[in-house]
file input39.pdb (PDB, C-alpha atoms)
ATOM      1  CA  MET A 145     -19.951  -1.198   1.343
ATOM      2  CA  PHE A 146     -16.601  -1.071  -0.392
ATOM      3  CA  LEU A 147     -13.428   0.412   1.120
ATOM      4  CA  ASN A 148     -13.591   3.801   2.815
ATOM      5  CA  PRO A 149     -10.030   5.218   2.889
ATOM      6  CA  GLU A 150     -10.806   7.883   5.502
ATOM      7  CA  GLU A 151     -12.242   5.285   7.924
ATOM      8  CA  ILE A 152      -9.259   2.984   7.477
ATOM      9  CA  LEU A 153      -6.749   5.833   7.895
ATOM     10  CA  LYS A 154      -8.457   6.839  11.170
ATOM     11  CA  LYS A 155      -7.610   3.399  12.593
ATOM     12  CA  LEU A 156      -3.886   3.871  12.013
ATOM     13  CA  ASN A 157      -1.373   5.726  14.132
ATOM     14  CA  LEU A 158      -0.279   8.185  11.447
ATOM     15  CA  ARG A 159       1.731  11.348  12.128
ATOM     16  CA  GLU A 160       1.526  14.329   9.804
ATOM     17  CA  ASN A 161       5.281  14.278   9.041
ATOM     18  CA  MET A 162       5.542  10.611   7.987
ATOM     19  CA  VAL A 163       6.874   9.328   4.688
ATOM     20  CA  ALA A 164       4.455   6.855   3.118
ATOM     21  CA  ALA A 165       4.225   4.857  -0.087
ATOM     22  CA  ASP A 166       1.091   3.682  -1.848
ATOM     23  CA  PHE A 167       1.993   0.597  -3.916
ATOM     24  CA  GLY A 168      -0.303   0.231  -6.913
ATOM     25  CA  CYS A 169      -1.912   3.593  -6.208
ATOM     26  CA  GLY A 170      -4.065   3.759  -9.336
ATOM     27  CA  SER A 171      -5.744   7.152  -9.617
ATOM     28  CA  GLY A 172      -5.275   7.913  -5.923
ATOM     29  CA  GLY A 173      -8.221   6.519  -3.964
ATOM     30  CA  PHE A 174      -5.955   6.110  -0.925
ATOM     31  CA  THR A 175      -3.120   8.417  -1.968
ATOM     32  CA  ILE A 176      -5.108  11.655  -1.793
ATOM     33  CA  PRO A 177      -6.698  11.103   1.663
ATOM     34  CA  LEU A 178      -3.306   9.895   2.895
ATOM     35  CA  ALA A 179      -1.525  13.000   1.559
ATOM     36  CA  GLU A 180      -4.137  15.205   3.227
ATOM     37  CA  LYS A 181      -3.525  13.432   6.539
ATOM     38  CA  LEU A 182       0.288  13.574   6.179
ATOM     39  CA  GLU A 183       0.310  17.270   5.367
ATOM     40  CA  ASN A 184       3.963  17.750   6.438
ATOM     41  CA  GLY A 185       5.102  14.389   5.076
ATOM     42  CA  ILE A 186       5.619  12.795   1.693
ATOM     43  CA  VAL A 187       3.480  10.230  -0.095
ATOM     44  CA  PHE A 188       5.061   8.234  -2.901
ATOM     45  CA  ALA A 189       2.354   7.131  -5.339
ATOM     46  CA  LEU A 190       3.661   4.101  -7.215
ATOM     47  CA  ASP A 191       1.979   2.453 -10.181
ATOM     48  CA  ILE A 192       2.953   0.603 -13.345
ATOM     49  CA  GLN A 193       0.464   2.475 -15.542
ATOM     50  CA  GLU A 194       0.978   6.052 -16.696
ATOM     51  CA  GLU A 195      -2.712   6.870 -17.239
ATOM     52  CA  PRO A 196      -3.844   6.458 -13.597
ATOM     53  CA  LEU A 197      -0.771   8.394 -12.419
ATOM     54  CA  ASN A 198      -1.732  11.269 -14.723
ATOM     55  CA  ALA A 199      -5.303  11.147 -13.388
ATOM     56  CA  LEU A 200      -3.893  11.247  -9.848
ATOM     57  CA  LYS A 201      -1.759  14.299 -10.688
ATOM     58  CA  ASN A 202      -4.852  16.093 -11.995
ATOM     59  CA  ARG A 203      -7.002  15.145  -8.993
ATOM     60  CA  ALA A 204      -4.279  16.111  -6.500
ATOM     61  CA  SER A 205      -3.213  19.403  -8.062
ATOM     62  CA  GLY A 206      -3.599  21.234  -4.724
ATOM     63  CA  LEU A 207      -1.380  18.790  -2.821
ATOM     64  CA  SER A 208       2.367  19.364  -2.956
ATOM     65  CA  ASN A 209       3.435  16.316  -0.926
ATOM     66  CA  ILE A 210       2.664  13.582  -3.489
ATOM     67  CA  ARG A 211       5.500  12.151  -5.588
ATOM     68  CA  THR A 212       4.284   9.972  -8.466
ATOM     69  CA  VAL A 213       6.574   7.200  -9.664
ATOM     70  CA  ARG A 214       5.883   4.950 -12.613
ATOM     71  CA  CYS A 215       7.492   1.606 -11.852
ATOM     72  CA  ASN A 216       6.995  -2.145 -11.886
ATOM     73  CA  LEU A 217       7.036  -3.148  -8.230
ATOM     74  CA  GLU A 218       7.677  -6.749  -9.273
ATOM     75  CA  THR A 219      11.159  -5.629 -10.383
ATOM     76  CA  PRO A 220      13.593  -5.222  -7.457
ATOM     77  CA  GLY A 221      14.608  -1.609  -6.816
ATOM     78  CA  SER A 222      12.217  -0.194  -9.414
ATOM     79  CA  SER A 223      10.641   2.308  -6.992
ATOM     80  CA  LYS A 224      14.013   4.115  -6.840
ATOM     81  CA  ILE A 225      13.227   4.978  -3.203
ATOM     82  CA  GLN A 226      16.268   4.709  -0.966
ATOM     83  CA  ASP A 227      16.614   1.845   1.524
ATOM     84  CA  SER A 228      14.930   2.243   4.924
ATOM     85  CA  PHE A 229      13.340   5.597   4.024
ATOM     86  CA  VAL A 230       9.585   5.018   4.366
ATOM     87  CA  ASP A 231       7.551   4.931   7.598
ATOM     88  CA  PHE A 232       4.361   3.364   6.248
ATOM     89  CA  ILE A 233       3.491   1.380   3.112
ATOM     90  CA  PHE A 234      -0.013   0.779   1.791
ATOM     91  CA  ILE A 235      -0.786  -2.050  -0.633
ATOM     92  CA  ILE A 236      -4.507  -1.791  -1.313
ATOM     93  CA  ASN A 237      -6.293  -4.050  -3.831
ATOM     94  CA  THR A 238      -3.056  -4.673  -5.700
ATOM     95  CA  LEU A 239      -1.638  -8.081  -4.801
ATOM     96  CA  PHE A 240      -4.562 -10.069  -6.231
ATOM     97  CA  GLN A 241      -3.351  -9.100  -9.705
ATOM     98  CA  ALA A 242       0.385  -9.527  -9.076
ATOM     99  CA  GLU A 243       2.425 -12.355 -10.534
ATOM    100  CA  LYS A 244       5.391 -11.888  -8.178
ATOM    101  CA  ILE A 245       3.966 -11.107  -4.737
ATOM    102  CA  GLU A 246       7.296 -12.040  -3.180
ATOM    103  CA  SER A 247       9.109  -9.329  -5.176
ATOM    104  CA  ILE A 248       6.600  -6.679  -4.121
ATOM    105  CA  ILE A 249       6.964  -7.643  -0.448
ATOM    106  CA  GLU A 250      10.759  -7.607  -0.785
ATOM    107  CA  GLU A 251      10.613  -4.084  -2.269
ATOM    108  CA  ALA A 252       8.414  -3.008   0.643
ATOM    109  CA  LYS A 253      10.893  -4.521   3.098
ATOM    110  CA  ARG A 254      13.808  -2.764   1.359
ATOM    111  CA  ILE A 255      12.372   0.762   1.537
ATOM    112  CA  LEU A 256      10.627   0.452   4.902
ATOM    113  CA  LYS A 257      12.414   1.754   7.999
ATOM    114  CA  PRO A 258      12.986  -0.632  10.900
ATOM    115  CA  GLY A 259       9.789  -0.460  12.939
ATOM    116  CA  GLY A 260       7.902   0.769   9.866
ATOM    117  CA  LYS A 261       4.407  -0.466   9.097
ATOM    118  CA  LEU A 262       2.943  -2.277   6.110
ATOM    119  CA  LEU A 263      -0.816  -2.340   5.562
ATOM    120  CA  ILE A 264      -2.166  -4.796   3.034
ATOM    121  CA  ILE A 265      -5.853  -4.819   2.168
ATOM    122  CA  ASP A 266      -7.207  -7.026  -0.572
ATOM    123  CA  TRP A 267     -10.328  -8.893  -1.622
ATOM    124  CA  LYS A 268     -11.619 -11.618   0.701
ATOM    125  CA  GLU A 269     -11.311 -14.997  -0.943
ATOM    126  CA  GLU A 270     -14.829 -16.005   0.049
ATOM    127  CA  THR A 271     -16.663 -13.003  -1.409
ATOM    128  CA  SER A 272     -18.450 -13.174  -4.742
ATOM    129  CA  GLN A 273     -17.663  -9.483  -5.309
ATOM    130  CA  GLY A 274     -14.515  -8.290  -7.038
ATOM    131  CA  PRO A 275     -12.177 -10.193  -9.337
ATOM    132  CA  ASN A 276     -12.423 -13.917 -10.024
ATOM    133  CA  GLU A 277      -8.835 -14.513  -8.919
ATOM    134  CA  LYS A 278      -8.258 -13.325  -5.375
ATOM    135  CA  LEU A 279      -5.249 -13.167  -3.102
ATOM    136  CA  SER A 280      -4.623 -16.139  -0.827
ATOM    137  CA  PHE A 281      -4.031 -14.590   2.597
ATOM    138  CA  ASP A 282      -2.484 -17.881   3.780
ATOM    139  CA  LYS A 283       0.118 -17.587   1.001
ATOM    140  CA  LEU A 284       0.590 -13.876   1.771
ATOM    141  CA  GLU A 285       1.152 -14.472   5.486
ATOM    142  CA  LYS A 286       3.748 -17.152   4.665
ATOM    143  CA  ILE A 287       5.623 -14.677   2.406
ATOM    144  CA  LEU A 288       5.438 -11.961   5.077
ATOM    145  CA  LYS A 289       6.758 -14.363   7.727
ATOM    146  CA  GLU A 290       9.631 -15.415   5.427
ATOM    147  CA  ASN A 291      10.512 -11.718   5.114
ATOM    148  CA  LYS A 292      10.510 -11.365   8.931
ATOM    149  CA  PHE A 293       7.453  -9.100   9.125
ATOM    150  CA  GLU A 294       5.613  -9.253  12.437
ATOM    151  CA  LYS A 295       1.828  -9.267  12.431
ATOM    152  CA  GLU A 296       0.351  -6.447  14.504
ATOM    153  CA  GLU A 297      -3.356  -6.816  13.815
ATOM    154  CA  GLU A 298      -6.121  -7.629  11.393
ATOM    155  CA  ILE A 299      -7.773  -4.555   9.903
ATOM    156  CA  ASP A 300     -11.481  -4.624   9.156
ATOM    157  CA  GLY A 301     -11.906  -3.945   5.468
ATOM    158  CA  GLY A 302     -15.663  -4.351   5.474
ATOM    159  CA  ASN A 303     -17.733  -7.034   3.798
ATOM    160  CA  TYR A 304     -15.494  -7.621   0.797
ATOM    161  CA  HIS A 305     -11.940  -6.914   1.961
ATOM    162  CA  ARG A 306      -9.505  -8.277   4.497
ATOM    163  CA  GLY A 307      -6.627  -6.311   5.909
ATOM    164  CA  VAL A 308      -3.475  -7.049   7.837
ATOM    165  CA  LEU A 309      -1.119  -4.581   9.509
ATOM    166  CA  MET A 310       2.501  -5.733   9.693
ATOM    167  CA  LYS A 311       5.646  -4.302  11.251
ATOM    168  CA  LYS A 312       9.216  -4.532  10.001
ATOM    169  CA  PRO A 313      11.469  -5.478  12.926
TER
END
call {"tool": "encode", "arguments": {"input": "input39.pdb", "output": "structure tokens"}}
result
Amino acid sequence: MFLNPEEILKKLNLRENMVAADFGCGSGGFTIPLAEKLENGIVFALDIQEEPLNALKNRASGLSNIRTVRCNLETPGSSKIQDSFVDFIFIINTLFQAEKIESIIEEAKRILKPGGKLLIIDWKEETSQGPNEKLSFDKLEKILKENKFEKEEEIDGGNYHRGVLMKKP
């Protein structure tokens, strides 16, 4: 089975008034369930492509707490979100296709509040499913450590995905 956003969100300590960001949100597979859970919060849906953001807007027409932002997360400051503003960041199936993982992690660090959480879920390197080029979690954990993130736990992403929950000190 592939990722089930509702099951993953149940495992997290989310409060309905949190501010969250979904990096590389696509057409909202995680954004919409997250916005429903954070009914008194805000969810920033960030993506480089206009078409999936438009699809997300159409799919989420009944939700008023989603803010779509077209940006290149590999460019520092491109999210235009103020420093230390976000409680929780989700990066789901995005980093495997990134050229500048370090820049994306630095942007997450910039906008995340102290004590804020970062959940990264991406394709397992050993699976035959998914893209040919997959994220090296060893490389990712080195980048996260360099940026002073503290590992909280591994998150079960099922047969094809691996997840890690990090905390900004």
call {"tool": "axis_aligned_box", "arguments": {"input": "input39.pdb", "around": "range 280-299 of chain A", "padding_each_side": "4 Å", "output": "AutoDock Vina command-line options"}}
result
--center_x 1.4 --center_y -11.2 --center_z 6.8 --size_x 26.3 --size_y 21.3 --size_z 23.3
call {"tool": "resolve_selection", "arguments": {"input": "input39.pdb", "expression": "the PyMOL selection byres ((chain A and resi 260-276) around 6)", "output": "list in words"}}
result
Asp231, Phe232, Ile233, Phe234, Ile235, Ile236, Asn237, Leu256, Lys257, Pro258, Gly259, Glu277, Lys278, Tyr304, His305, Arg306, Gly307, Val308, Leu309, Met310, Lys311 and Lys312 of chain A
call {"tool": "residues_around", "arguments": {"input": "input39.pdb", "residues": "Leu147 in chain A", "least_positions_apart": "2", "cutoff": "8 Å", "atoms": "only C-alpha atoms", "output": "ChimeraX atom specification"}}
result
/A:145,149,301-302,305
call {"tool": "write_last_selection", "arguments": {"input": "input39.pdb", "atoms": "C-alpha atoms", "output": "compact mmCIF listing (two decimals), in the frame of the given file"}}
result
# COMPACT_ATOMS: atom_id res chain seq x y z
CA MET A 145 -19.95 -1.20 1.34
CA PRO A 149 -10.03 5.22 2.89
CA GLY A 301 -11.91 -3.94 5.47
CA GLY A 302 -15.66 -4.35 5.47
CA HIS A 305 -11.94 -6.91 1.96
call {"tool": "atom_distance", "arguments": {"input": "input39.pdb", "atom1": "CA of Leu182 in chain A", "atom2": "CA of Asn161 in chain A"}}
result
5.8 Å
call {"tool": "atom_distance", "arguments": {"input": "input39.pdb", "atom1": "CA of Val163 in chain A", "atom2": "CA of Asn303 in chain A"}}
result
29.6 Å
call {"tool": "residues_around", "arguments": {"input": "input39.pdb", "residues": "range 205-212 of chain A", "least_positions_apart": "3", "cutoff": "8 Å", "atoms": "all atoms listed in the file", "output": "number ranges by chain"}}
result
A: 175, 179-180, 183-190, 197, 201-202
call {"tool": "closest_residue", "arguments": {"input": "input39.pdb", "among": "A:Leu178, A:Cys169, A:Val230, A:Leu284", "to": "Ile255 in chain A", "atoms": "only C-alpha atoms"}}
result
A:Val230
call {"tool": "closest_residue", "arguments": {"input": "input39.pdb", "among": "A:Phe146, A:Ala204, A:Thr219, A:Asn198", "to": "Ser247 in chain A", "atoms": "only C-alpha atoms"}}
result
A:Thr219
call {"tool": "closest_residue", "arguments": {"input": "input39.pdb", "among": "A:Ser171, A:Ser280, A:Gln226, A:Gln193", "to": "Ile245 in chain A", "atoms": "all atoms listed in the file"}}
result
A:Ser280
call {"tool": "atom_distance", "arguments": {"input": "input39.pdb", "atom1": "CA of Asn216 in chain A", "atom2": "CA of Asn148 in chain A"}}
result
26.0 Å
call {"tool": "build_atoms", "arguments": {"input": "input39.pdb", "residues": "range 259-282 of chain A", "atoms": "N, CA and C atoms", "output": "PDB file, in the frame of the given file"}}
result
ATOM      1  N   GLY A 259      10.938  -0.908  12.151  1.00  0.00           N
ATOM      2  CA  GLY A 259       9.789  -0.460  12.939  1.00  0.00           C
ATOM      3  C   GLY A 259       8.672   0.122  12.088  1.00  0.00           C
ATOM      4  N   GLY A 260       8.913   0.236  10.779  1.00  0.00           N
ATOM      5  CA  GLY A 260       7.902   0.769   9.866  1.00  0.00           C
ATOM      6  C   GLY A 260       6.749  -0.201   9.683  1.00  0.00           C
ATOM      7  N   LYS A 261       5.627   0.329   9.216  1.00  0.00           N
ATOM      8  CA  LYS A 261       4.407  -0.466   9.097  1.00  0.00           C
ATOM      9  C   LYS A 261       4.052  -0.718   7.638  1.00  0.00           C
ATOM     10  N   LEU A 262       3.422  -1.850   7.418  1.00  0.00           N
ATOM     11  CA  LEU A 262       2.943  -2.277   6.110  1.00  0.00           C
ATOM     12  C   LEU A 262       1.490  -2.687   6.259  1.00  0.00           C
ATOM     13  N   LEU A 263       0.609  -1.990   5.549  1.00  0.00           N
ATOM     14  CA  LEU A 263      -0.816  -2.340   5.562  1.00  0.00           C
ATOM     15  C   LEU A 263      -1.180  -2.923   4.207  1.00  0.00           C
ATOM     16  N   ILE A 264      -1.700  -4.141   4.250  1.00  0.00           N
ATOM     17  CA  ILE A 264      -2.166  -4.796   3.034  1.00  0.00           C
ATOM     18  C   ILE A 264      -3.662  -5.044   3.185  1.00  0.00           C
ATOM     19  N   ILE A 265      -4.417  -4.550   2.222  1.00  0.00           N
ATOM     20  CA  ILE A 265      -5.853  -4.819   2.168  1.00  0.00           C
ATOM     21  C   ILE A 265      -6.153  -5.338   0.771  1.00  0.00           C
ATOM     22  N   ASP A 266      -6.860  -6.457   0.726  1.00  0.00           N
ATOM     23  CA  ASP A 266      -7.207  -7.026  -0.572  1.00  0.00           C
ATOM     24  C   ASP A 266      -8.537  -7.745  -0.446  1.00  0.00           C
ATOM     25  N   TRP A 267      -9.025  -8.229  -1.566  1.00  0.00           N
ATOM     26  CA  TRP A 267     -10.328  -8.893  -1.622  1.00  0.00           C
ATOM     27  C   TRP A 267     -10.338 -10.162  -0.770  1.00  0.00           C
ATOM     28  N   LYS A 268     -11.426 -10.366  -0.021  1.00  0.00           N
ATOM     29  CA  LYS A 268     -11.619 -11.618   0.701  1.00  0.00           C
ATOM     30  C   LYS A 268     -11.818 -12.733  -0.317  1.00  0.00           C
ATOM     31  N   GLU A 269     -11.200 -13.863  -0.023  1.00  0.00           N
ATOM     32  CA  GLU A 269     -11.311 -14.997  -0.943  1.00  0.00           C
ATOM     33  C   GLU A 269     -12.745 -15.509  -1.063  1.00  0.00           C
ATOM     34  N   GLU A 270     -13.493 -15.407   0.021  1.00  0.00           N
ATOM     35  CA  GLU A 270     -14.829 -16.005   0.049  1.00  0.00           C
ATOM     36  C   GLU A 270     -15.933 -15.124  -0.536  1.00  0.00           C
ATOM     37  N   THR A 271     -15.620 -13.883  -0.878  1.00  0.00           N
ATOM     38  CA  THR A 271     -16.663 -13.003  -1.409  1.00  0.00           C
ATOM     39  C   THR A 271     -16.892 -13.240  -2.905  1.00  0.00           C
ATOM     40  N   SER A 272     -18.128 -13.052  -3.315  1.00  0.00           N
ATOM     41  CA  SER A 272     -18.450 -13.174  -4.742  1.00  0.00           C
ATOM     42  C   SER A 272     -18.193 -11.858  -5.473  1.00  0.00           C
ATOM     43  N   GLN A 273     -17.971 -10.796  -4.724  1.00  0.00           N
ATOM     44  CA  GLN A 273     -17.663  -9.483  -5.309  1.00  0.00           C
ATOM     45  C   GLN A 273     -16.204  -9.444  -5.754  1.00  0.00           C
ATOM     46  N   GLY A 274     -15.903  -8.510  -6.634  1.00  0.00           N
ATOM     47  CA  GLY A 274     -14.515  -8.290  -7.038  1.00  0.00           C
ATOM     48  C   GLY A 274     -14.052  -9.243  -8.117  1.00  0.00           C
ATOM     49  N   PRO A 275     -12.746  -9.375  -8.260  1.00  0.00           N
ATOM     50  CA  PRO A 275     -12.177 -10.193  -9.337  1.00  0.00           C
ATOM     51  C   PRO A 275     -12.404 -11.685  -9.097  1.00  0.00           C
ATOM     52  N   ASN A 276     -12.301 -12.459 -10.160  1.00  0.00           N
ATOM     53  CA  ASN A 276     -12.423 -13.917 -10.024  1.00  0.00           C
ATOM     54  C   ASN A 276     -11.245 -14.494  -9.264  1.00  0.00           C
ATOM     55  N   GLU A 277     -10.055 -14.051  -9.605  1.00  0.00           N
ATOM     56  CA  GLU A 277      -8.835 -14.513  -8.919  1.00  0.00           C
ATOM     57  C   GLU A 277      -8.549 -13.582  -7.757  1.00  0.00           C
ATOM     58  N   LYS A 278      -8.502 -14.151  -6.556  1.00  0.00           N
ATOM     59  CA  LYS A 278      -8.258 -13.325  -5.375  1.00  0.00           C
ATOM     60  C   LYS A 278      -6.978 -13.777  -4.683  1.00  0.00           C
ATOM     61  N   LEU A 279      -6.468 -12.907  -3.855  1.00  0.00           N
ATOM     62  CA  LEU A 279      -5.249 -13.167  -3.102  1.00  0.00           C
ATOM     63  C   LEU A 279      -5.494 -14.228  -2.033  1.00  0.00           C
ATOM     64  N   SER A 280      -4.586 -15.180  -1.923  1.00  0.00           N
ATOM     65  CA  SER A 280      -4.623 -16.139  -0.827  1.00  0.00           C
ATOM     66  C   SER A 280      -3.900 -15.507   0.366  1.00  0.00           C
ATOM     67  N   PHE A 281      -4.655 -15.193   1.419  1.00  0.00           N
ATOM     68  CA  PHE A 281      -4.031 -14.590   2.597  1.00  0.00           C
ATOM     69  C   PHE A 281      -3.126 -15.583   3.314  1.00  0.00           C
ATOM     70  N   ASP A 282      -3.390 -16.878   3.193  1.00  0.00           N
ATOM     71  CA  ASP A 282      -2.484 -17.881   3.780  1.00  0.00           C
ATOM     72  C   ASP A 282      -1.120 -17.804   3.099  1.00  0.00           C
TER      73      ASP A 282
END
